[in-house]
file structure32.cif (mmCIF, C-alpha atoms)
data_input
loop_
_atom_site.label_atom_id
_atom_site.label_comp_id
_atom_site.auth_asym_id
_atom_site.auth_seq_id
_atom_site.Cartn_x
_atom_site.Cartn_y
_atom_site.Cartn_z
CA MET A 938 -25.41 -36.50 213.51
CA LYS A 939 -26.51 -35.44 216.95
CA ARG A 940 -25.69 -31.96 218.01
CA SER A 941 -25.55 -30.83 221.58
CA PHE A 942 -26.31 -27.32 222.71
CA ASN A 943 -23.41 -25.07 222.03
CA PRO A 944 -23.22 -21.35 222.71
CA ASP A 945 -21.71 -20.96 219.26
CA ASN A 946 -25.22 -21.50 217.94
CA LEU A 947 -25.89 -17.93 218.92
CA LEU A 948 -23.03 -16.62 216.78
CA PHE A 949 -25.22 -15.75 213.87
CA VAL A 950 -27.03 -13.15 215.99
CA ILE A 951 -24.13 -10.85 215.25
CA PRO A 952 -24.87 -10.17 211.58
CA ILE A 953 -28.58 -9.77 212.25
CA ILE A 954 -28.07 -7.22 215.00
CA PHE A 955 -25.39 -5.53 212.94
CA PHE A 956 -27.69 -5.15 209.96
CA ILE A 957 -30.54 -3.88 212.06
CA GLN A 958 -28.32 -1.32 213.72
CA ILE A 959 -26.90 -0.06 210.47
CA LEU A 960 -30.34 0.23 208.99
CA SER A 961 -31.77 2.04 211.97
CA ILE A 962 -28.96 4.57 211.87
CA PHE A 963 -29.39 5.43 208.23
CA ILE A 964 -33.11 5.24 207.94
CA SER A 965 -35.05 8.03 209.54
CA SER A 966 -37.83 6.78 211.70
CA THR A 967 -39.81 9.95 211.18
CA ALA A 968 -41.84 8.53 208.33
CA ASP A 969 -45.35 7.27 208.86
CA ALA A 970 -45.67 4.20 210.93
CA HIS A 971 -48.48 1.79 210.53
CA LYS A 972 -50.28 1.95 213.84
CA VAL A 973 -52.96 4.60 213.82
CA SER A 974 -54.38 6.35 216.87
CA ALA A 975 -57.21 8.82 217.23
CA TYR A 976 -58.28 11.31 219.87
CA ALA A 977 -61.28 13.57 220.01
CA TYR A 978 -63.17 15.85 222.37
CA ARG A 979 -66.46 17.68 222.55
CA GLU A 980 -66.99 21.39 222.46
CA GLY A 981 -70.70 21.92 222.71
CA ASP A 982 -72.24 20.47 219.58
CA LYS A 983 -68.90 20.48 217.88
CA ILE A 984 -66.49 17.59 218.03
CA LEU A 985 -62.84 18.14 217.34
CA GLY A 986 -60.31 15.40 216.88
CA GLU A 987 -56.98 14.38 215.57
CA CYS A 988 -55.65 11.23 214.00
CA TYR A 989 -51.99 10.35 213.99
CA PHE A 990 -49.54 7.53 213.45
CA VAL A 991 -47.57 5.90 216.22
CA ASP A 992 -44.56 8.16 215.66
CA GLY A 993 -46.69 11.29 215.99
CA SER A 994 -47.00 12.17 212.30
CA ALA A 995 -50.41 13.18 210.99
CA CYS A 996 -52.82 10.84 209.27
CA LYS A 997 -53.72 12.91 206.21
CA ASN A 998 -56.92 12.83 204.17
CA SER A 999 -58.24 9.77 205.92
CA LYS A 1000 -61.89 8.85 206.16
CA VAL A 1001 -63.53 9.37 209.56
CA GLU A 1002 -66.71 7.47 210.39
CA VAL A 1003 -68.90 8.36 213.34
CA TYR A 1004 -71.32 5.91 214.95
CA ASN A 1005 -73.87 6.45 217.70
CA THR A 1006 -74.65 4.10 220.60
CA LYS A 1007 -77.01 2.03 218.47
CA GLY A 1008 -74.21 1.38 216.04
CA ASP A 1009 -75.68 3.42 213.19
CA LYS A 1010 -73.35 5.50 211.12
CA ILE A 1011 -74.29 9.16 211.68
CA LEU A 1012 -71.83 10.89 209.43
CA GLU A 1013 -68.57 10.66 207.57
CA THR A 1014 -65.82 13.22 207.12
CA LEU A 1015 -62.17 13.52 206.15
CA THR A 1016 -59.07 14.52 208.06
CA ASP A 1017 -57.13 17.54 206.82
CA GLU A 1018 -53.42 17.94 206.08
CA LYS A 1019 -52.62 18.03 209.80
CA GLY A 1020 -54.66 14.93 210.56
CA LYS A 1021 -57.37 17.01 212.26
CA PHE A 1022 -61.08 16.65 211.81
CA SER A 1023 -64.18 18.31 213.19
CA PHE A 1024 -67.91 17.95 212.79
CA THR A 1025 -71.10 19.05 214.52
CA THR A 1026 -73.69 16.67 215.88
CA LYS A 1027 -76.80 16.84 218.06
CA GLU A 1028 -76.09 13.39 219.52
CA LYS A 1029 -75.75 13.59 223.30
CA GLY A 1030 -74.88 9.95 223.85
CA GLU A 1031 -71.62 8.12 223.45
CA LEU A 1032 -70.04 8.44 220.04
CA LYS A 1033 -67.69 5.98 218.42
CA ILE A 1034 -65.23 7.37 215.92
CA ILE A 1035 -63.59 4.93 213.55
CA ILE A 1036 -60.78 5.81 211.20
CA PRO A 1037 -60.13 3.12 208.60
CA ALA A 1038 -56.68 4.04 207.37
CA GLY A 1039 -56.63 1.32 204.71
CA GLU A 1040 -54.59 -1.86 204.21
CA GLY A 1041 -55.90 -3.34 207.41
CA HIS A 1042 -55.17 -0.39 209.69
CA ARG A 1043 -57.83 1.17 211.85
CA ALA A 1044 -58.18 3.50 214.81
CA GLU A 1045 -61.09 3.75 217.19
CA TYR A 1046 -62.02 6.34 219.78
CA ARG A 1047 -65.04 6.72 222.03
CA ILE A 1048 -66.38 10.02 223.29
CA GLU A 1049 -68.55 9.86 226.36
CA GLY A 1050 -71.74 11.87 226.29
CA ILE A 1051 -72.80 12.31 229.89
CA LYS A 1052 -69.76 14.11 231.27
CA GLU A 1053 -70.26 16.97 228.90
CA GLN A 1054 -73.75 17.63 230.24
CA VAL A 1055 -72.45 17.86 233.81
CA GLU A 1056 -69.88 20.42 232.72
CA ARG A 1057 -72.57 22.38 230.96
CA LYS A 1058 -74.65 22.56 234.14
CA GLU A 1059 -71.71 23.94 236.04
CA ILE A 1060 -71.18 26.57 233.44
CA LYS A 1061 -74.88 27.46 233.58
CA LYS A 1062 -74.66 27.94 237.34
CA GLU A 1063 -71.77 30.31 236.88
CA VAL A 1064 -73.71 32.10 234.22
CA LEU A 1065 -76.65 32.53 236.57
CA LYS A 1066 -74.44 33.93 239.31
CA GLU A 1067 -72.87 36.40 236.98
CA GLU A 1068 -76.24 37.34 235.67
CA LYS A 1069 -77.35 38.25 239.14
CA GLN A 1070 -74.23 40.27 239.72
CA SER A 1071 -74.49 42.12 236.49
CA LYS A 1072 -78.14 42.82 237.18
CA SER A 1073 -77.23 44.33 240.51
CA ASN A 1074 -74.69 46.43 238.69
CA GLN A 1075 -77.46 47.65 236.45
CA ASN A 1076 -75.43 46.33 233.60
CA TYR A 1077 -77.64 43.82 231.92
CA LEU A 1078 -76.12 41.40 229.52
CA ASP A 1079 -78.23 38.64 228.18
CA ARG A 1080 -77.41 35.10 229.08
CA GLU A 1081 -76.36 33.95 225.68
CA GLU A 1082 -73.80 36.64 225.40
CA ILE A 1083 -72.24 35.74 228.72
CA THR A 1084 -72.18 32.09 227.81
CA LYS A 1085 -70.40 33.00 224.63
CA MET A 1086 -67.88 35.11 226.46
CA ILE A 1087 -67.16 32.41 228.99
CA ASP A 1088 -66.82 29.87 226.25
CA GLU A 1089 -64.28 32.05 224.50
CA VAL A 1090 -62.22 32.59 227.64
CA MET A 1091 -62.41 28.92 228.53
CA ASP A 1092 -61.33 27.94 225.05
CA LEU A 1093 -58.29 30.16 225.29
CA LYS A 1094 -57.39 28.79 228.67
CA LEU A 1095 -57.97 25.21 227.68
CA GLN A 1096 -56.06 25.41 224.43
CA GLY A 1097 -52.70 24.93 226.09
CA LEU A 1098 -54.02 22.11 228.21
CA ARG A 1099 -55.49 20.38 225.18
CA SER A 1100 -52.31 20.48 223.16
CA GLU A 1101 -50.49 19.19 226.21
CA ILE A 1102 -52.89 16.27 226.51
CA MET A 1103 -52.42 15.60 222.82
CA ASP A 1104 -48.62 15.58 223.19
CA LEU A 1105 -48.88 13.25 226.17
CA ARG A 1106 -51.11 10.89 224.23
CA LYS A 1107 -48.68 10.83 221.35
CA GLN A 1108 -45.84 10.19 223.72
CA MET A 1109 -47.71 7.32 225.31
CA ASP A 1110 -48.24 5.72 221.93
CA ARG A 1111 -44.62 6.01 220.99
CA ILE A 1112 -42.57 2.87 221.39
CA GLY A 1113 -39.79 3.19 223.90
CA LEU A 1114 -36.56 1.30 224.27
CA ARG A 1115 -37.96 -0.28 227.39
CA ASP A 1116 -40.69 -1.97 225.36
CA ILE A 1117 -38.22 -3.25 222.82
CA PHE A 1118 -35.74 -4.72 225.27
CA GLY A 1119 -38.57 -5.97 227.46
CA GLY A 1120 -40.08 -7.71 224.46
CA ILE A 1121 -36.83 -9.40 223.54
CA GLY A 1122 -36.50 -10.53 227.14
CA TYR A 1123 -39.99 -12.00 227.07
CA ILE A 1124 -39.24 -13.85 223.84
CA PHE A 1125 -36.16 -15.48 225.31
CA GLY A 1126 -38.11 -16.30 228.45
CA ILE A 1127 -40.92 -17.94 226.51
CA TRP A 1128 -38.52 -20.01 224.45
CA GLY A 1129 -36.64 -20.96 227.59
CA ILE A 1130 -39.83 -22.35 229.07
CA ILE A 1131 -40.61 -24.23 225.85
CA MET A 1132 -37.11 -25.69 225.96
CA LEU A 1133 -37.57 -26.82 229.56
CA ILE A 1134 -40.87 -28.49 228.78
CA LYS A 1135 -39.41 -30.24 225.76
CA ARG A 1136 -36.42 -31.44 227.73
CA LYS A 1137 -38.60 -32.88 230.49
CA ARG A 1138 -40.75 -34.69 227.94
CA ASN A 1139 -37.71 -36.14 226.24
CA ALA A 1140 -36.35 -37.31 229.58
CA SER A 1141 -39.54 -39.07 230.66
CA MET B 798 -47.89 -5.78 207.51
CA HIS B 799 -50.21 -6.25 210.42
CA ILE B 800 -53.97 -6.33 210.25
CA SER B 801 -55.54 -4.40 213.11
CA GLU B 802 -58.29 -5.55 215.39
CA GLY B 803 -61.86 -5.12 214.20
CA VAL B 804 -61.07 -5.07 210.49
CA LEU B 805 -61.75 -8.68 209.62
CA SER B 806 -64.93 -10.71 209.95
CA ALA B 807 -65.23 -13.75 212.21
CA PRO B 808 -64.99 -16.43 209.48
CA VAL B 809 -61.75 -14.94 208.14
CA LEU B 810 -60.31 -14.73 211.65
CA LEU B 811 -61.32 -18.32 212.35
CA ALA B 812 -59.82 -19.59 209.11
CA GLY B 813 -56.56 -17.80 209.90
CA ALA B 814 -56.52 -19.22 213.43
CA VAL B 815 -57.10 -22.79 212.25
CA LEU B 816 -54.42 -22.57 209.55
CA SER B 817 -51.95 -21.07 212.01
CA LEU B 818 -52.73 -23.73 214.58
CA VAL B 819 -51.82 -26.42 212.06
CA GLY B 820 -48.57 -24.62 211.29
CA LEU B 821 -47.85 -24.11 214.98
CA THR B 822 -48.27 -27.77 215.92
CA LEU B 823 -46.19 -28.85 212.94
CA GLY B 824 -43.51 -26.32 213.80
CA LEU B 825 -43.38 -27.15 217.50
CA LYS B 826 -43.07 -30.85 216.71
CA LYS B 827 -40.19 -30.25 214.34
CA ILE B 828 -38.12 -28.11 216.70
CA LYS B 829 -35.21 -29.97 218.21
CA ASN B 830 -34.12 -28.90 221.65
CA GLU B 831 -30.75 -27.70 220.47
CA ASP B 832 -32.38 -25.51 217.82
CA ILE B 833 -34.39 -23.52 220.33
CA PRO B 834 -31.77 -20.78 220.88
CA LYS B 835 -31.78 -20.22 217.12
CA VAL B 836 -35.57 -20.04 217.06
CA ALA B 837 -35.56 -17.58 219.96
CA VAL B 838 -33.00 -15.32 218.30
CA LEU B 839 -34.96 -15.26 215.06
CA SER B 840 -38.13 -14.59 217.05
CA SER B 841 -36.59 -11.48 218.52
CA ALA B 842 -35.14 -10.44 215.16
CA PHE B 843 -38.65 -10.59 213.70
CA PHE B 844 -39.98 -8.72 216.75
CA VAL B 845 -37.53 -5.85 216.31
CA ALA B 846 -37.58 -5.76 212.50
CA SER B 847 -41.04 -4.23 212.29
CA LEU B 848 -39.79 -1.16 214.15
CA ILE B 849 -37.45 -0.29 211.30
CA HIS B 850 -39.32 1.87 208.86
CA ILE B 851 -38.22 2.61 205.38
CA PRO B 852 -39.81 5.67 203.79
CA ILE B 853 -41.40 4.92 200.45
CA GLY B 854 -42.99 7.89 198.75
CA PRO B 855 -45.67 9.41 200.94
CA THR B 856 -45.89 6.48 203.33
CA SER B 857 -43.48 3.93 204.67
CA ALA B 858 -43.19 0.23 205.20
CA HIS B 859 -41.27 -1.69 207.78
CA LEU B 860 -38.94 -4.65 207.61
CA VAL B 861 -40.53 -8.03 208.21
CA LEU B 862 -37.72 -10.61 207.97
CA ASN B 863 -40.22 -13.44 207.53
CA GLY B 864 -38.09 -14.74 204.65
CA LEU B 865 -35.01 -14.98 206.86
CA VAL B 866 -36.95 -16.68 209.66
CA GLY B 867 -38.49 -19.12 207.20
CA MET B 868 -35.27 -19.94 205.37
CA LEU B 869 -33.44 -20.74 208.60
CA LEU B 870 -36.24 -22.52 210.45
CA GLY B 871 -38.63 -24.16 207.99
CA TRP B 872 -41.88 -25.04 209.74
CA SER B 873 -40.52 -23.81 213.06
CA ALA B 874 -40.99 -20.32 211.61
CA PHE B 875 -44.63 -20.62 212.72
CA PRO B 876 -44.03 -20.73 216.49
CA SER B 877 -41.11 -18.31 216.12
CA ILE B 878 -43.20 -15.67 214.35
CA PHE B 879 -46.23 -16.37 216.53
CA VAL B 880 -44.35 -15.55 219.74
CA ALA B 881 -42.99 -12.35 218.19
CA LEU B 882 -46.44 -11.29 216.98
CA VAL B 883 -48.01 -11.91 220.41
CA LEU B 884 -45.48 -9.56 221.99
CA GLN B 885 -45.84 -6.98 219.22
CA ALA B 886 -49.59 -7.00 219.78
CA ILE B 887 -49.26 -6.64 223.56
CA LEU B 888 -46.38 -4.18 223.77
CA PHE B 889 -46.72 -2.12 220.61
CA GLN B 890 -50.41 -2.66 219.76
CA PHE B 891 -49.30 -3.73 216.29
CA GLY B 892 -51.92 -6.00 214.85
CA GLY B 893 -54.09 -7.41 217.59
CA LEU B 894 -54.81 -10.49 219.62
CA THR B 895 -57.85 -11.53 217.57
CA THR B 896 -55.96 -11.16 214.30
CA LEU B 897 -53.00 -13.20 215.53
CA GLY B 898 -54.06 -16.23 213.51
CA VAL B 899 -54.37 -14.38 210.23
CA ASN B 900 -51.19 -12.40 210.79
CA THR B 901 -49.16 -15.44 211.83
CA PHE B 902 -50.25 -17.44 208.82
CA SER B 903 -49.73 -14.68 206.28
CA MET B 904 -46.24 -13.96 207.63
CA ALA B 905 -44.98 -17.47 208.41
CA MET B 906 -46.38 -19.41 205.46
CA PRO B 907 -44.47 -17.40 202.80
CA GLY B 908 -41.30 -18.04 204.79
CA VAL B 909 -41.97 -21.76 204.84
CA LEU B 910 -42.65 -21.71 201.09
CA SER B 911 -39.38 -19.87 200.49
CA TYR B 912 -37.63 -22.51 202.57
CA TYR B 913 -38.93 -25.35 200.44
CA ILE B 914 -38.29 -23.59 197.12
CA PHE B 915 -34.76 -22.34 197.81
CA ARG B 916 -33.34 -24.67 200.44
CA LYS B 917 -31.39 -26.68 197.86
CA MET B 918 -29.81 -23.55 196.48
CA ILE B 919 -28.42 -22.36 199.81
CA HIS B 920 -26.48 -25.60 200.18
CA LYS B 921 -24.61 -25.08 196.89
CA GLY B 922 -21.67 -22.74 196.26
CA LYS B 923 -21.28 -19.28 197.72
CA ASN B 924 -22.84 -17.40 194.82
CA ALA B 925 -25.75 -19.77 194.48
CA ALA B 926 -26.33 -19.57 198.23
CA PHE B 927 -26.46 -15.77 198.12
CA ILE B 928 -28.87 -15.78 195.20
CA GLY B 929 -31.00 -18.43 196.91
CA GLY B 930 -31.09 -16.38 200.10
CA PHE B 931 -31.89 -13.20 198.17
CA LEU B 932 -34.74 -14.79 196.25
CA GLY B 933 -36.08 -16.52 199.36
CA GLY B 934 -36.08 -13.30 201.39
CA ALA B 935 -37.69 -11.29 198.61
CA LEU B 936 -40.29 -13.90 197.70
CA ALA B 937 -41.46 -14.22 201.30
CA ILE B 938 -42.27 -10.49 201.42
CA LEU B 939 -44.10 -10.49 198.11
CA LEU B 940 -46.11 -13.58 199.03
CA GLY B 941 -46.83 -11.98 202.40
CA THR B 942 -48.43 -8.95 200.74
CA ILE B 943 -50.56 -11.25 198.63
CA PHE B 944 -51.66 -13.27 201.68
CA ILE B 945 -52.59 -10.05 203.48
CA SER B 946 -54.54 -8.82 200.45
CA VAL B 947 -56.41 -12.11 200.30
CA SER B 948 -57.43 -11.82 203.94
CA LEU B 949 -58.61 -8.27 203.30
CA ILE B 950 -60.65 -9.35 200.29
CA GLU B 951 -63.91 -8.94 202.20
CA THR B 952 -63.19 -5.60 203.83
CA GLU B 953 -61.56 -3.69 201.02
CA LYS B 954 -63.54 -3.25 197.87
CA SER B 955 -61.05 -4.30 195.24
CA PHE B 956 -58.57 -7.08 195.80
CA THR B 957 -56.31 -5.96 192.96
CA GLY B 958 -56.23 -2.39 194.29
CA VAL B 959 -55.05 -3.41 197.76
CA ALA B 960 -52.67 -6.00 196.39
CA ALA B 961 -51.15 -3.47 193.98
CA THR B 962 -50.59 -0.78 196.63
CA LEU B 963 -49.17 -3.28 199.10
CA LEU B 964 -46.93 -4.83 196.48
CA THR B 965 -45.48 -1.55 195.24
CA MET B 966 -44.98 -0.39 198.83
CA HIS B 967 -43.09 -3.55 199.65
CA LEU B 968 -40.92 -3.90 196.56
CA PRO B 969 -38.04 -1.96 198.16
CA ILE B 970 -38.53 -3.97 201.36
CA ALA B 971 -38.35 -7.19 199.37
CA PHE B 972 -35.09 -6.00 197.82
CA ILE B 973 -33.53 -5.00 201.14
CA GLU B 974 -34.61 -8.17 202.88
CA GLY B 975 -33.36 -10.23 199.98
CA ILE B 976 -29.92 -8.72 200.49
CA ILE B 977 -30.07 -9.21 204.26
CA THR B 978 -31.14 -12.84 203.90
CA GLY B 979 -28.50 -13.47 201.24
CA PHE B 980 -25.72 -12.12 203.44
CA VAL B 981 -26.91 -13.97 206.51
CA VAL B 982 -27.00 -17.19 204.51
CA ILE B 983 -23.44 -16.88 203.20
CA TYR B 984 -22.19 -15.73 206.59
CA LEU B 985 -23.75 -18.74 208.27
CA LYS B 986 -22.39 -21.00 205.56
CA LYS B 987 -18.93 -19.86 206.46
CA VAL B 988 -19.22 -19.73 210.24
CA LYS B 989 -21.86 -22.28 211.15
CA PRO B 990 -23.00 -24.38 208.20
CA GLU B 991 -25.16 -26.68 210.33
CA ALA B 992 -27.36 -23.72 211.34
CA LEU B 993 -28.74 -23.67 207.80
CA GLY B 994 -30.49 -26.97 208.59
#

call {"tool": "encode", "arguments": {"input": "structure32.cif", "output": "structure tokens"}}
result
Amino acid sequence: MKRSFNPDNLLFVIPIIFFIQILSIFISSTADAHKVSAYAYREGDKILGECYFVDGSACKNSKVEVYNTKGDKILETLTDEKGKFSFTTKEKGELKIIIPAGEGHRAEYRIEGIKEQVERKEIKKEVLKEEKQSKSNQNYLDREEITKMIDEVMDLKLQGLRSEIMDLRKQMDRIGLRDIFGGIGYIFGIWGIIMLIKRKRNAS
Amino acid sequence: MHISEGVLSAPVLLAGAVLSLVGLTLGLKKIKNEDIPKVAVLSSAFFVASLIHIPIGPTSAHLVLNGLVGMLLGWSAFPSIFVALVLQAILFQFGGLTTLGVNTFSMAMPGVLSYYIFRKMIHKGKNAAFIGGFLGGALAILLGTIFISVSLIETEKSFTGVAATLLTMHLPIAFIEGIITGFVVIYLKKVKPEALG
């Protein structure tokens, strides 16, 4: 029996969409997803980072592996209950952080090394200026102390910015409706093209 | 159930790609022009299904629907799932482009197996069709977890450990998808029997 194309063929979409909708209403999507992302930044010798799932929930007690530019493993640590991790390293070069979250999931993040040194120089310049000023004020503070003070102030100021960056990153990783509908559109487009090609072949 | 980029070694990736290529060519050859809308719809159902997470204990697993795709399409499940996986990798960063072969094979092949095992059942009475659909949908998930564990055999230390965690995580999924597949099968039987192929 030869069947011709009939829009009724699409009828069975209805139960599928129906089921998916019902499920998505009743099932909270706040649980862990399976795509893992990681983010980290330098703070002097210290490196602080966070690992999270695509929906923004923390990746708890996961192994964190750190590699240097040569590809050697430098150290290994664990994330805490909030998905955060930190470690200290003397490595100035690029660092690669890999988080194997098990069952075939994995996150990777690279920290550049050079930028940090530039920032440090700028801070040192400021320190020198202030040193001169304080000297002229007959109020000598040694350099280390000033560096420490500046670091503390900077940390406080940057804290808000950092959490904002983190939130933005999480938001970027989240899947939006646009992606979903776009994807469905692409799928229909691809199959439309396949159909056209097949039809042309059959005709010739 | 997606394996991320950089987890598997080259030989495993290559094996997955070759196996999937065989499935893809077979599937594309078997698709009739008038079936393409059906294939496209199931492609997008598979694409969306993995966004639906079901919390299981401390973690969660997502729907796969490879059983449904397989039961309704047979070998054409390969191209159908492949297209969906490509878009999941590009748009959601689920899985990855290098692991497409492995992921396609370990999702589509169980569906095809379900199709061959239960396709006679879904052409019988209403009850038998529901049970056939249920078993087909559930089996495809369980086989999928085993296929994924096999491909991870090199990376993870113990095969049985990974297989056990994946299996227990996906038991509820298998149950839910069994029910979905069962209902879709009896619904189609009533409304559009020829869509069951």

call {"tool": "resolve_selection", "arguments": {"input": "structure32.cif", "expression": "the PyMOL selection byres ((chain B and resi 951) around 12)", "output": "count of residues only"}}
result
21

call {"tool": "interface_residues", "arguments": {"input": "structure32.cif", "of": "chain B", "to": "chain A", "cutoff": "7 Å", "atoms": "all atoms listed in the file", "output": "JSON, numbers by chain"}}
result
{"B": [800, 801, 804, 830, 831, 833, 834, 835, 837, 838, 840, 841, 849, 850, 851, 852, 856, 857, 880, 881, 884, 888, 889, 891, 949, 959, 981, 985]}

call {"tool": "residues_around", "arguments": {"input": "structure32.cif", "residues": "His967 of chain B", "least_positions_apart": "4", "cutoff": "12 Å", "atoms": "only C-alpha atoms", "output": "short mmCIF file (atom, residue, chain, number, x, y, z; two decimals) with C-alpha atoms, in the frame of the given file"}}
result
data_model
loop_
_atom_site.label_atom_id
_atom_site.label_comp_id
_atom_site.auth_asym_id
_atom_site.auth_seq_id
_atom_site.Cartn_x
_atom_site.Cartn_y
_atom_site.Cartn_z
CA MET B 798 -47.89 -5.78 207.51
CA HIS B 850 -39.32 1.87 208.86
CA ILE B 851 -38.22 2.61 205.38
CA PRO B 852 -39.81 5.67 203.79
CA ILE B 853 -41.40 4.92 200.45
CA GLY B 854 -42.99 7.89 198.75
CA THR B 856 -45.89 6.48 203.33
CA SER B 857 -43.48 3.93 204.67
CA ALA B 858 -43.19 0.23 205.20
CA HIS B 859 -41.27 -1.69 207.78
CA LEU B 860 -38.94 -4.65 207.61
CA VAL B 861 -40.53 -8.03 208.21
CA ALA B 935 -37.69 -11.29 198.61
CA LEU B 936 -40.29 -13.90 197.70
CA ALA B 937 -41.46 -14.22 201.30
CA ILE B 938 -42.27 -10.49 201.42
CA LEU B 939 -44.10 -10.49 198.11
CA LEU B 940 -46.11 -13.58 199.03
CA GLY B 941 -46.83 -11.98 202.40
CA THR B 942 -48.43 -8.95 200.74
CA ILE B 943 -50.56 -11.25 198.63
CA ALA B 960 -52.67 -6.00 196.39
CA ALA B 961 -51.15 -3.47 193.98
CA THR B 962 -50.59 -0.78 196.63
CA LEU B 963 -49.17 -3.28 199.10
CA ALA B 971 -38.35 -7.19 199.37
CA PHE B 972 -35.09 -6.00 197.82
CA ILE B 973 -33.53 -5.00 201.14
CA GLU B 974 -34.61 -8.17 202.88
CA GLY B 975 -33.36 -10.23 199.98
#

call {"tool": "atom_distance", "arguments": {"input": "structure32.cif", "atom1": "atom CA of Thr901 of chain B", "atom2": "atom CA of Gly933 of chain B"}}
result
18.1 Å

call {"tool": "atom_distance", "arguments": {"input": "structure32.cif", "atom1": "atom CA of Gly820 of chain B", "atom2": "atom CA of Thr896 of chain B"}}
result
15.6 Å

call {"tool": "residues_near_point", "arguments": {"input": "structure32.cif", "point": "(-58.6, 12.3, 219.9)", "cutoff": "8 Å", "atoms": "all atoms listed in the file", "output": "mmCIF file with C-alpha atoms, keeping the file's coordinate frame"}}
result
data_model
loop_
_atom_site.group_PDB
_atom_site.id
_atom_site.type_symbol
_atom_site.label_atom_id
_atom_site.label_comp_id
_atom_site.auth_asym_id
_atom_site.auth_seq_id
_atom_site.Cartn_x
_atom_site.Cartn_y
_atom_site.Cartn_z
ATOM 1 C CA SER A 974 -54.380 6.350 216.870
ATOM 2 C CA ALA A 975 -57.210 8.820 217.230
ATOM 3 C CA TYR A 976 -58.280 11.310 219.870
ATOM 4 C CA ALA A 977 -61.280 13.570 220.010
ATOM 5 C CA TYR A 978 -63.170 15.850 222.370
ATOM 6 C CA LEU A 985 -62.840 18.140 217.340
ATOM 7 C CA GLY A 986 -60.310 15.400 216.880
ATOM 8 C CA GLU A 987 -56.980 14.380 215.570
ATOM 9 C CA CYS A 988 -55.650 11.230 214.000
ATOM 10 C CA TYR A 1046 -62.020 6.340 219.780
ATOM 11 C CA MET A 1103 -52.420 15.600 222.820
#

call {"tool": "atom_distance", "arguments": {"input": "structure32.cif", "atom1": "atom CA of Gly979 of chain B", "atom2": "atom CA of Leu897 of chain B"}}
result
28.4 Å

call {"tool": "resolve_selection", "arguments": {"input": "structure32.cif", "expression": "the PyMOL selection byres ((chain B and resi 913-927) around 10)", "output": "PyMOL selection string"}}
result
chain B and resi 867-869+871-872+907-912+928-934+936+975-984+986-987+990+993-994

call {"tool": "closest_residue", "arguments": {"input": "structure32.cif", "among": "B:Thr957, B:Ser847, B:Gln885, B:Thr822", "to": "Ser873 of chain B", "atoms": "only C-alpha atoms"}}
result
B:Thr822

call {"tool": "residues_near_point", "arguments": {"input": "structure32.cif", "point": "(-66.5, 9.0, 223.1)", "cutoff": "8 Å", "atoms": "only C-alpha atoms", "output": "ChimeraX atom specification"}}
result
/A:977-978,1031-1034,1046-1050

call {"tool": "residues_around", "arguments": {"input": "structure32.cif", "residues": "Ala995 of chain A", "least_positions_apart": "5", "cutoff": "7 Å", "atoms": "all atoms listed in the file", "output": "list in words"}}
result
Cys988, Tyr989, Phe990, Lys1019 and Gly1020 of chain A

call {"tool": "residues_around", "arguments": {"input": "structure32.cif", "residues": "Val1001 of chain A", "least_positions_apart": "3", "cutoff": "7 Å", "atoms": "only C-alpha atoms", "output": "list in words"}}
result
Glu1013, Thr1014, Leu1015, Thr1016, Ile1034, Ile1035 and Ile1036 of chain A

call {"tool": "residues_around", "arguments": {"input": "structure32.cif", "residues": "Gly813 of chain B", "least_positions_apart": "2", "cutoff": "6 Å", "atoms": "all atoms listed in the file", "output": "JSON, numbers by chain"}}
result
{"B": [810, 811, 815, 816, 898, 899]}

call {"tool": "closest_residue", "arguments": {"input": "structure32.cif", "among": "A:Asp1104, A:Gly1030, A:Glu1082, A:Val1090", "to": "Gly1008 of chain A", "atoms": "all atoms listed in the file"}}
result
A:Gly1030

call {"tool": "axis_aligned_box", "arguments": {"input": "structure32.cif", "around": "segment 835-848 of chain B", "padding_each_side": "6 Å", "output": "AutoDock Vina command-line options"}}
result
--center_x -36.4 --center_y -10.7 --center_z 216.1 --size_x 21.3 --size_y 31.1 --size_z 19.7

call {"tool": "build_atoms", "arguments": {"input": "structure32.cif", "residues": "segment 1083-1088 of chain A", "atoms": "N, CA and C atoms", "output": "PDB file, in the frame of the given file"}}
result
ATOM      1  N   ILE A1083     -73.181  36.113 227.670  1.00  0.00           N
ATOM      2  CA  ILE A1083     -72.240  35.740 228.720  1.00  0.00           C
ATOM      3  C   ILE A1083     -71.702  34.338 228.478  1.00  0.00           C
ATOM      4  N   THR A1084     -72.613  33.444 228.097  1.00  0.00           N
ATOM      5  CA  THR A1084     -72.180  32.090 227.810  1.00  0.00           C
ATOM      6  C   THR A1084     -71.109  32.100 226.745  1.00  0.00           C
ATOM      7  N   LYS A1085     -71.351  32.912 225.741  1.00  0.00           N
ATOM      8  CA  LYS A1085     -70.400  33.000 224.630  1.00  0.00           C
ATOM      9  C   LYS A1085     -69.048  33.517 225.105  1.00  0.00           C
ATOM     10  N   MET A1086     -69.116  34.533 225.936  1.00  0.00           N
ATOM     11  CA  MET A1086     -67.880  35.110 226.460  1.00  0.00           C
ATOM     12  C   MET A1086     -67.104  34.087 227.271  1.00  0.00           C
ATOM     13  N   ILE A1087     -67.825  33.400 228.155  1.00  0.00           N
ATOM     14  CA  ILE A1087     -67.160  32.410 228.990  1.00  0.00           C
ATOM     15  C   ILE A1087     -66.552  31.311 228.129  1.00  0.00           C
ATOM     16  N   ASP A1088     -67.328  30.907 227.151  1.00  0.00           N
ATOM     17  CA  ASP A1088     -66.820  29.870 226.250  1.00  0.00           C
ATOM     18  C   ASP A1088     -65.509  30.300 225.599  1.00  0.00           C
TER      19      ASP A1088
END
